[in-house]
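Pasted below: final_8.pdb, PDB, C-alpha atoms.
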ATOM      1  CA  MET E 239       3.272 -27.348   5.217
ATOM      2  CA  PRO E 240       2.725 -23.573   4.855
ATOM      3  CA  ILE E 241       3.896 -22.033   1.607
ATOM      4  CA  SER E 242       4.042 -18.360   0.714
ATOM      5  CA  LEU E 243       3.236 -16.611  -2.539
ATOM      6  CA  THR E 244       4.069 -13.021  -3.482
ATOM      7  CA  ARG E 245       2.261 -10.972  -6.129
ATOM      8  CA  THR E 246       3.305  -7.443  -7.163
ATOM      9  CA  VAL E 247       1.143  -4.790  -8.814
ATOM     10  CA  GLY E 248       1.924  -1.236  -9.806
ATOM     11  CA  PHE E 249       0.082   2.056  -9.636
ATOM     12  CA  HIS E 250       0.869   5.673 -10.398
ATOM     13  CA  ALA E 251      -0.096   8.287  -7.825
ATOM     14  CA  ARG E 252       0.728  11.779  -6.633
ATOM     15  CA  HIS E 253       1.267  13.024  -3.092
ATOM     16  CA  HIS E 254       2.936  15.672  -0.983
ATOM     17  CA  LEU E 255       4.135  15.793   2.606
ATOM     18  CA  ARG E 256       2.863  18.707   4.632
ATOM     19  CA  VAL E 257       1.589  18.868   8.215
ATOM     20  CA  ALA E 258      -1.408  21.206   8.262
ATOM     21  CA  ALA E 259      -0.701  22.478  11.793
ATOM     22  CA  TRP E 260       2.802  23.632  10.806
ATOM     23  CA  ASP E 261       3.685  26.802   8.963
ATOM     24  CA  GLU E 262       5.292  26.680   5.520
ATOM     25  CA  ALA E 263       8.801  27.262   6.905
ATOM     26  CA  ARG E 264       8.597  24.335   9.331
ATOM     27  CA  ASN E 265       7.182  22.038   6.633
ATOM     28  CA  ARG E 266       9.999  23.077   4.281
ATOM     29  CA  ARG E 267      12.627  22.411   6.975
ATOM     30  CA  GLN E 268      11.165  18.986   7.685
ATOM     31  CA  PHE E 269      10.230  17.775   4.193
ATOM     32  CA  GLY E 270      12.099  20.015   1.744
ATOM     33  CA  GLN E 271      10.852  19.663  -1.837
ATOM     34  CA  LEU E 272       8.469  16.881  -0.770
ATOM     35  CA  THR E 273       6.037  19.589   0.372
ATOM     36  CA  GLU E 274       5.253  20.060  -3.328
ATOM     37  CA  ALA E 275       2.973  17.572  -5.080
ATOM     38  CA  HIS E 276       4.985  14.975  -6.984
ATOM     39  CA  ASP E 277       4.345  11.675  -8.745
ATOM     40  CA  HIS E 278       5.574   8.139  -8.113
ATOM     41  CA  ASP E 279       5.270   4.844  -9.922
ATOM     42  CA  TYR E 280       4.563   2.723  -6.854
ATOM     43  CA  THR E 281       4.738  -1.025  -6.534
ATOM     44  CA  CYS E 282       2.749  -2.981  -4.004
ATOM     45  CA  SER E 283       3.768  -6.548  -3.171
ATOM     46  CA  VAL E 284       1.635  -8.855  -1.075
ATOM     47  CA  THR E 285       2.886 -12.087   0.415
ATOM     48  CA  VAL E 286       0.235 -14.590   1.426
ATOM     49  CA  SER E 287       0.701 -17.956   3.063
ATOM     50  CA  GLY E 288      -1.292 -21.040   3.866
ATOM     51  CA  PRO E 289      -1.491 -24.708   3.178
ATOM     52  CA  ALA E 290      -1.324 -25.827  -0.427
ATOM     53  CA  ASP E 291      -4.376 -27.479  -1.924
ATOM     54  CA  PRO E 292      -4.063 -30.812  -3.767
ATOM     55  CA  GLN E 293      -3.017 -28.924  -6.918
ATOM     56  CA  GLY E 294      -0.187 -27.224  -4.980
ATOM     57  CA  MET E 295      -1.820 -23.775  -4.800
ATOM     58  CA  ILE E 296      -2.319 -21.585  -1.736
ATOM     59  CA  MET E 297      -5.186 -19.697  -3.355
ATOM     60  CA  ASP E 298      -6.712 -18.984  -6.727
ATOM     61  CA  LEU E 299      -4.350 -16.505  -8.378
ATOM     62  CA  ALA E 300      -7.231 -14.931 -10.311
ATOM     63  CA  LEU E 301      -8.919 -14.173  -6.983
ATOM     64  CA  LEU E 302      -5.736 -12.601  -5.589
ATOM     65  CA  ASP E 303      -5.402 -10.505  -8.747
ATOM     66  CA  ARG E 304      -9.036  -9.384  -8.432
ATOM     67  CA  ILE E 305      -8.510  -8.386  -4.784
ATOM     68  CA  LEU E 306      -5.407  -6.378  -5.693
ATOM     69  CA  GLU E 307      -7.226  -4.710  -8.576
ATOM     70  CA  GLU E 308     -10.164  -3.725  -6.343
ATOM     71  CA  GLU E 309      -8.228  -2.760  -3.202
ATOM     72  CA  VAL E 310      -4.971  -1.341  -4.594
ATOM     73  CA  ARG E 311      -4.934  -0.441  -8.287
ATOM     74  CA  ARG E 312      -8.477   0.817  -8.813
ATOM     75  CA  PRO E 313      -8.620   3.205  -5.852
ATOM     76  CA  LEU E 314      -5.013   4.444  -6.067
ATOM     77  CA  ASP E 315      -3.915   4.439  -9.707
ATOM     78  CA  GLY E 316      -4.011   7.985 -11.069
ATOM     79  CA  SER E 317      -4.987   9.445  -7.724
ATOM     80  CA  ASP E 318      -3.751  12.351  -5.674
ATOM     81  CA  LEU E 319      -3.367  10.516  -2.372
ATOM     82  CA  ASN E 320      -3.790  13.676  -0.285
ATOM     83  CA  ARG E 321      -6.955  14.739  -2.082
ATOM     84  CA  ASP E 322      -8.632  11.553  -3.325
ATOM     85  CA  ILE E 323      -8.082   9.048  -0.497
ATOM     86  CA  PRO E 324     -10.137   9.972   2.605
ATOM     87  CA  THR E 325      -7.645   8.337   4.992
ATOM     88  CA  PHE E 326      -5.004  10.854   3.917
ATOM     89  CA  ALA E 327      -7.233  13.865   3.210
ATOM     90  CA  THR E 328      -6.816  15.348   6.696
ATOM     91  CA  GLY E 329      -3.024  15.168   6.532
ATOM     92  CA  HIS E 330      -2.903  12.720   9.423
ATOM     93  CA  PRO E 331      -1.423  10.342   8.611
ATOM     94  CA  LEU E 332       0.726  11.669   5.806
ATOM     95  CA  PRO E 333       0.664   9.483   2.685
ATOM     96  CA  THR E 334       4.128   7.985   3.253
ATOM     97  CA  CYS E 335       5.170   4.504   2.153
ATOM     98  CA  GLU E 336       4.708   3.329   5.741
ATOM     99  CA  ALA E 337       1.188   4.724   6.004
ATOM    100  CA  LEU E 338       0.273   3.369   2.565
ATOM    101  CA  ALA E 339       1.499  -0.104   3.541
ATOM    102  CA  ALA E 340      -0.646  -0.110   6.710
ATOM    103  CA  PHE E 341      -3.645   1.354   4.825
ATOM    104  CA  LEU E 342      -3.442  -1.320   2.121
ATOM    105  CA  PHE E 343      -2.815  -4.139   4.604
ATOM    106  CA  ARG E 344      -6.135  -3.242   6.268
ATOM    107  CA  ARG E 345      -7.879  -3.368   2.884
ATOM    108  CA  VAL E 346      -6.371  -6.604   1.533
ATOM    109  CA  ALA E 347      -6.201  -8.869   4.622
ATOM    110  CA  PRO E 348      -9.969  -9.221   5.211
ATOM    111  CA  ARG E 349     -10.585 -10.061   1.553
ATOM    112  CA  LEU E 350      -8.454 -13.221   1.588
ATOM    113  CA  PRO E 351     -10.171 -16.601   1.731
ATOM    114  CA  ALA E 352     -10.288 -18.668   4.906
ATOM    115  CA  GLY E 353      -6.985 -20.358   5.649
ATOM    116  CA  VAL E 354      -4.936 -17.795   3.702
ATOM    117  CA  ARG E 355      -2.995 -15.222   5.707
ATOM    118  CA  LEU E 356      -1.490 -11.924   4.596
ATOM    119  CA  ASP E 357       2.075 -12.149   5.903
ATOM    120  CA  ARG E 358       3.460  -8.938   4.461
ATOM    121  CA  LEU E 359       2.431  -6.045   2.301
ATOM    122  CA  SER E 360       5.187  -3.847   0.846
ATOM    123  CA  VAL E 361       4.864  -0.484  -0.842
ATOM    124  CA  ALA E 362       7.770   1.023  -2.771
ATOM    125  CA  GLU E 363       7.675   4.485  -4.265
ATOM    126  CA  ASP E 364      10.877   3.857  -6.203
ATOM    127  CA  ALA E 365      13.875   1.517  -6.230
ATOM    128  CA  THR E 366      15.355   3.190  -3.142
ATOM    129  CA  LEU E 367      12.418   3.364  -0.704
ATOM    130  CA  GLN E 368      10.095   0.600   0.467
ATOM    131  CA  ALA E 369       7.958   0.037   3.560
ATOM    132  CA  ASP E 370       6.748  -3.346   4.804
ATOM    133  CA  CYS E 371       3.699  -4.019   6.951
ATOM    134  CA  SER E 372       3.248  -7.396   8.592
ATOM    135  CA  GLY E 373       0.095  -6.596  10.533
ATOM    136  CA  VAL E 374      -1.862  -3.713  11.988
ATOM    137  CA  ASP E 375      -3.490  -3.113  15.343
TER     138      ASP E 375
END
Write out the structure in this file as structure tokens.
Amino acid sequence: MPISLTRTVGFHARHHLRVAAWDEARNRRQFGQLTEAHDHDYTCSVTVSGPADPQGMIMDLALLDRILEEEVRRPLDGSDLNRDIPTFATGHPLPTCEALAAFLFRRVAPRLPAGVRLDRLSVAEDATLQADCSGVD
């Protein structure tokens, strides 16, 4: 019987929303104050599923924590997403919650052990905004 497990980690990062091909006025109309660099205390939640082992565990929690440390916290905590993360350095895609969720899904999913599936990865920049990714092409 498949069981799911969700683990949440936090990281602090800075970003701004600005399309390089647009002039300042168009960016301001589209994104308002978000064109200026600002900080968030993000949370990232991953939900994995798979069959339970004889001890009732889907996977070693220490391994999941290590994956999240290496693929989420270490590269993103304290970063300027637009400047420090190559995926977002060109401004396409913008470092939105949606793009972060897809970016992190691609990083975490291949690191999971055989038989364990990443069902969902959520990124929230605050209590009012969250994006969920359940797979990427």
What's around Ala362 (chain E) at 10 Å? Count only C-alpha atoms, leave out sequence neighbours fewer than 6 positions away in its own chain, and write the answer as number ranges by chain. E: 248, 278-283, 334-336, 338-339, 368-370
Taking 5 positions as the minimum chain separation for residues in the same chain, which residues sit within 7 Å of region 270-277 of chain E when counting all atoms listed in the file? Answer as a VMD selection string. chain E and resid 251 to 256 265
Those residues you just picked out, can you put them in a file as a PDB file, in the coordinates of the input with C-alpha atoms?
ATOM      1  CA  ALA E 251      -0.096   8.287  -7.825  1.00  0.00           C
ATOM      2  CA  ARG E 252       0.728  11.779  -6.633  1.00  0.00           C
ATOM      3  CA  HIS E 253       1.267  13.024  -3.092  1.00  0.00           C
ATOM      4  CA  HIS E 254       2.936  15.672  -0.983  1.00  0.00           C
ATOM      5  CA  LEU E 255       4.135  15.793   2.606  1.00  0.00           C
ATOM      6  CA  ARG E 256       2.863  18.707   4.632  1.00  0.00           C
ATOM      7  CA  ASN E 265       7.182  22.038   6.633  1.00  0.00           C
TER       8      ASN E 265
END
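What separates CA of Pro351 (chain E) from CA of Ser372 (chain E) is a distance of 17.7 Å.
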Quick one: apply the PyMOL selection byres ((chain E and resi 316) around 6) to the file and drop the selected residues here as number ranges by chain. E: 250-251, 315, 317
Using all atoms listed in the file, the residue out of E:Arg245, E:Arg349, E:Arg312, E:Arg344 with shortest distance to Val286 (chain E) is E:Arg245
Closest to Pro240 (chain E) among E:Val354, E:Ala259, E:Leu299, E:Val346, using all atoms listed in the file?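 Closest residue, counting all atoms listed in the file: E:Val354.
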By how many Å are CA of Leu306 (chain E) and CA of Gly288 (chain E) apart?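 The value is 18.0 Å.
Of note, CA of Arg311 (chain E) and CA of Ala347 (chain E) are spaced 15.5 Å apart.
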Within 7 Å of file point (1.1, -5.3, 4.6), counting all atoms listed in the file, expressed as a PDB file with C-alpha atoms, keeping the file's coordinate frame:
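In the end it all went to selection.pdb:
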ATOM      1  CA  VAL E 284       1.635  -8.855  -1.075  1.00  0.00           C
ATOM      2  CA  ALA E 339       1.499  -0.104   3.541  1.00  0.00           C
ATOM      3  CA  ALA E 340      -0.646  -0.110   6.710  1.00  0.00           C
ATOM      4  CA  LEU E 342      -3.442  -1.320   2.121  1.00  0.00           C
ATOM      5  CA  PHE E 343      -2.815  -4.139   4.604  1.00  0.00           C
ATOM      6  CA  ARG E 358       3.460  -8.938   4.461  1.00  0.00           C
ATOM      7  CA  LEU E 359       2.431  -6.045   2.301  1.00  0.00           C
ATOM      8  CA  SER E 360       5.187  -3.847   0.846  1.00  0.00           C
ATOM      9  CA  ASP E 370       6.748  -3.346   4.804  1.00  0.00           C
ATOM     10  CA  CYS E 371       3.699  -4.019   6.951  1.00  0.00           C
ATOM     11  CA  SER E 372       3.248  -7.396   8.592  1.00  0.00           C
ATOM     12  CA  GLY E 373       0.095  -6.596  10.533  1.00  0.00           C
TER      13      GLY E 373
END
Which residue of E:Asp375, E:Glu309, E:Asp261, E:Asp318 approaches Pro333 (chain E) most closely, using all atoms listed in the file: E:Asp318
Please list as a PyMOL selection string every residue within 10 Å of Glu308 (chain E), counting all atoms listed in the file and excluding residues in the same chain fewer than 6 positions away. chain E and resi 302+314+345-346
Would you mind exporting the chosen residues as a PDB file, keeping the file's coordinate frame, restricted to C-alpha atoms?
ATOM      1  CA  LEU E 302      -5.736 -12.601  -5.589  1.00  0.00           C
ATOM      2  CA  LEU E 314      -5.013   4.444  -6.067  1.00  0.00           C
ATOM      3  CA  ARG E 345      -7.879  -3.368   2.884  1.00  0.00           C
ATOM      4  CA  VAL E 346      -6.371  -6.604   1.533  1.00  0.00           C
TER       5      VAL E 346
END
Region 259-275 of chain E: axis-aligned bounding box, 3 Å on each side, centre and edge lengths in Å, one decimal, as AutoDock Vina command-line options:
--center_x 6.0 --center_y 22.1 --center_z 3.4 --size_x 19.3 --size_y 16.4 --size_z 22.9
From the options E:Ile323, E:Ala337, E:Leu350, E:Val247, which residue's atoms come nearest to Asp298 (chain E), counting all atoms listed in the file? E:Leu350
Report as JSON, numbers by chain all protein, DNA and RNA residues lying within 8 Å of Gly329 (chain E), evaluated on all atoms listed in the file, omitting residues in the same chain fewer than 5 positions from it. {"E": [256, 257, 258, 320]}
Of the residues E:Val361, E:Leu367, E:Phe269, E:Ile296, which is the one nearest to Phe341 (chain E), using all atoms listed in the file?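 That would be E:Val361, the residue with the smallest distance to Phe341 (chain E).
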Dump region 239-330 of chain E with C-alpha atoms to a file, as an mmCIF file, in the first residue's frame.
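The resulting selection_11.cif:
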data_model
loop_
_atom_site.group_PDB
_atom_site.id
_atom_site.type_symbol
_atom_site.label_atom_id
_atom_site.label_comp_id
_atom_site.auth_asym_id
_atom_site.auth_seq_id
_atom_site.Cartn_x
_atom_site.Cartn_y
_atom_site.Cartn_z
ATOM 1 C CA MET E 239 0.000 0.000 0.000
ATOM 2 C CA PRO E 240 1.530 3.360 -1.023
ATOM 3 C CA ILE E 241 2.026 5.870 1.761
ATOM 4 C CA SER E 242 3.101 9.483 1.447
ATOM 5 C CA LEU E 243 5.428 11.529 3.613
ATOM 6 C CA THR E 244 5.883 15.305 3.563
ATOM 7 C CA ARG E 245 8.964 17.160 4.804
ATOM 8 C CA THR E 246 9.248 20.971 4.914
ATOM 9 C CA VAL E 247 12.431 23.046 4.962
ATOM 10 C CA GLY E 248 12.942 26.782 4.953
ATOM 11 C CA PHE E 249 15.329 29.153 3.238
ATOM 12 C CA HIS E 250 15.766 32.900 3.004
ATOM 13 C CA ALA E 251 16.328 34.416 -0.427
ATOM 14 C CA ARG E 252 15.992 37.634 -2.382
ATOM 15 C CA HIS E 253 14.520 38.184 -5.833
ATOM 16 C CA HIS E 254 12.887 40.711 -8.114
ATOM 17 C CA LEU E 255 10.534 40.438 -11.067
ATOM 18 C CA ARG E 256 11.643 42.247 -14.183
ATOM 19 C CA VAL E 257 11.526 41.191 -17.837
ATOM 20 C CA ALA E 258 14.769 42.328 -19.463
ATOM 21 C CA ALA E 259 13.156 42.962 -22.866
ATOM 22 C CA TRP E 260 10.638 45.401 -21.354
ATOM 23 C CA ASP E 261 11.274 49.005 -20.441
ATOM 24 C CA GLU E 262 11.049 50.177 -16.832
ATOM 25 C CA ALA E 263 7.527 51.577 -17.285
ATOM 26 C CA ARG E 264 6.126 48.295 -18.612
ATOM 27 C CA ASN E 265 7.828 46.305 -15.838
ATOM 28 C CA ARG E 266 6.395 48.707 -13.245
ATOM 29 C CA ARG E 267 2.892 48.384 -14.736
ATOM 30 C CA GLN E 268 3.128 44.600 -14.704
ATOM 31 C CA PHE E 269 4.946 43.939 -11.420
ATOM 32 C CA GLY E 270 4.691 47.149 -9.387
ATOM 33 C CA GLN E 271 7.030 47.192 -6.381
ATOM 34 C CA LEU E 272 8.120 43.614 -7.135
ATOM 35 C CA THR E 273 10.545 45.041 -9.712
ATOM 36 C CA GLU E 274 12.708 46.018 -6.730
ATOM 37 C CA ALA E 275 14.798 43.358 -4.994
ATOM 38 C CA HIS E 276 13.056 42.059 -1.881
ATOM 39 C CA ASP E 277 13.478 39.202 0.580
ATOM 40 C CA HIS E 278 11.293 36.230 1.474
ATOM 41 C CA ASP E 279 11.433 33.499 4.072
ATOM 42 C CA TYR E 280 10.445 30.649 1.766
ATOM 43 C CA THR E 281 9.271 27.199 2.713
ATOM 44 C CA CYS E 282 9.672 24.191 0.483
ATOM 45 C CA SER E 283 7.596 21.076 1.145
ATOM 46 C CA VAL E 284 8.201 17.793 -0.622
ATOM 47 C CA THR E 285 5.757 14.920 -0.595
ATOM 48 C CA VAL E 286 7.175 11.520 -1.463
ATOM 49 C CA SER E 287 5.353 8.231 -1.749
ATOM 50 C CA GLY E 288 6.114 4.563 -2.058
ATOM 51 C CA PRO E 289 5.662 1.281 -0.328
ATOM 52 C CA ALA E 290 6.553 1.096 3.340
ATOM 53 C CA ASP E 291 9.447 -1.110 4.361
ATOM 54 C CA PRO E 292 9.034 -3.662 7.175
ATOM 55 C CA GLN E 293 9.690 -0.896 9.725
ATOM 56 C CA GLY E 294 6.848 1.184 8.226
ATOM 57 C CA MET E 295 9.080 3.766 6.511
ATOM 58 C CA ILE E 296 8.943 4.942 2.901
ATOM 59 C CA MET E 297 12.565 6.073 2.964
ATOM 60 C CA ASP E 298 15.335 6.953 5.364
ATOM 61 C CA LEU E 299 14.404 10.374 6.737
ATOM 62 C CA ALA E 300 18.077 11.280 7.180
ATOM 63 C CA LEU E 301 18.570 10.689 3.450
ATOM 64 C CA LEU E 302 15.576 12.888 2.583
ATOM 65 C CA ASP E 303 16.926 15.609 4.874
ATOM 66 C CA ARG E 304 20.352 15.360 3.212
ATOM 67 C CA ILE E 305 18.794 15.656 -0.261
ATOM 68 C CA LEU E 306 16.812 18.729 0.798
ATOM 69 C CA GLU E 307 19.898 20.282 2.370
ATOM 70 C CA GLU E 308 21.968 19.722 -0.791
ATOM 71 C CA GLU E 309 19.316 20.567 -3.398
ATOM 72 C CA VAL E 310 17.230 23.257 -1.672
ATOM 73 C CA ARG E 311 18.755 24.899 1.399
ATOM 74 C CA ARG E 312 22.438 24.988 0.481
ATOM 75 C CA PRO E 313 22.064 26.487 -2.999
ATOM 76 C CA LEU E 314 19.193 28.871 -2.183
ATOM 77 C CA ASP E 315 19.525 30.025 1.424
ATOM 78 C CA GLY E 316 20.958 33.543 1.507
ATOM 79 C CA SER E 317 20.973 33.829 -2.260
ATOM 80 C CA ASP E 318 19.813 36.460 -4.690
ATOM 81 C CA LEU E 319 17.828 34.185 -6.992
ATOM 82 C CA ASN E 320 18.210 36.489 -10.003
ATOM 83 C CA ARG E 321 21.967 36.802 -9.602
ATOM 84 C CA ASP E 322 23.162 33.592 -7.937
ATOM 85 C CA ILE E 323 21.038 30.861 -9.550
ATOM 86 C CA PRO E 324 21.983 30.349 -13.230
ATOM 87 C CA THR E 325 18.481 29.158 -14.174
ATOM 88 C CA PHE E 326 17.098 32.581 -13.256
ATOM 89 C CA ALA E 327 20.084 34.755 -14.196
ATOM 90 C CA THR E 328 18.799 35.495 -17.707
ATOM 91 C CA GLY E 329 15.402 36.628 -16.436
ATOM 92 C CA HIS E 330 13.655 33.792 -18.246
#
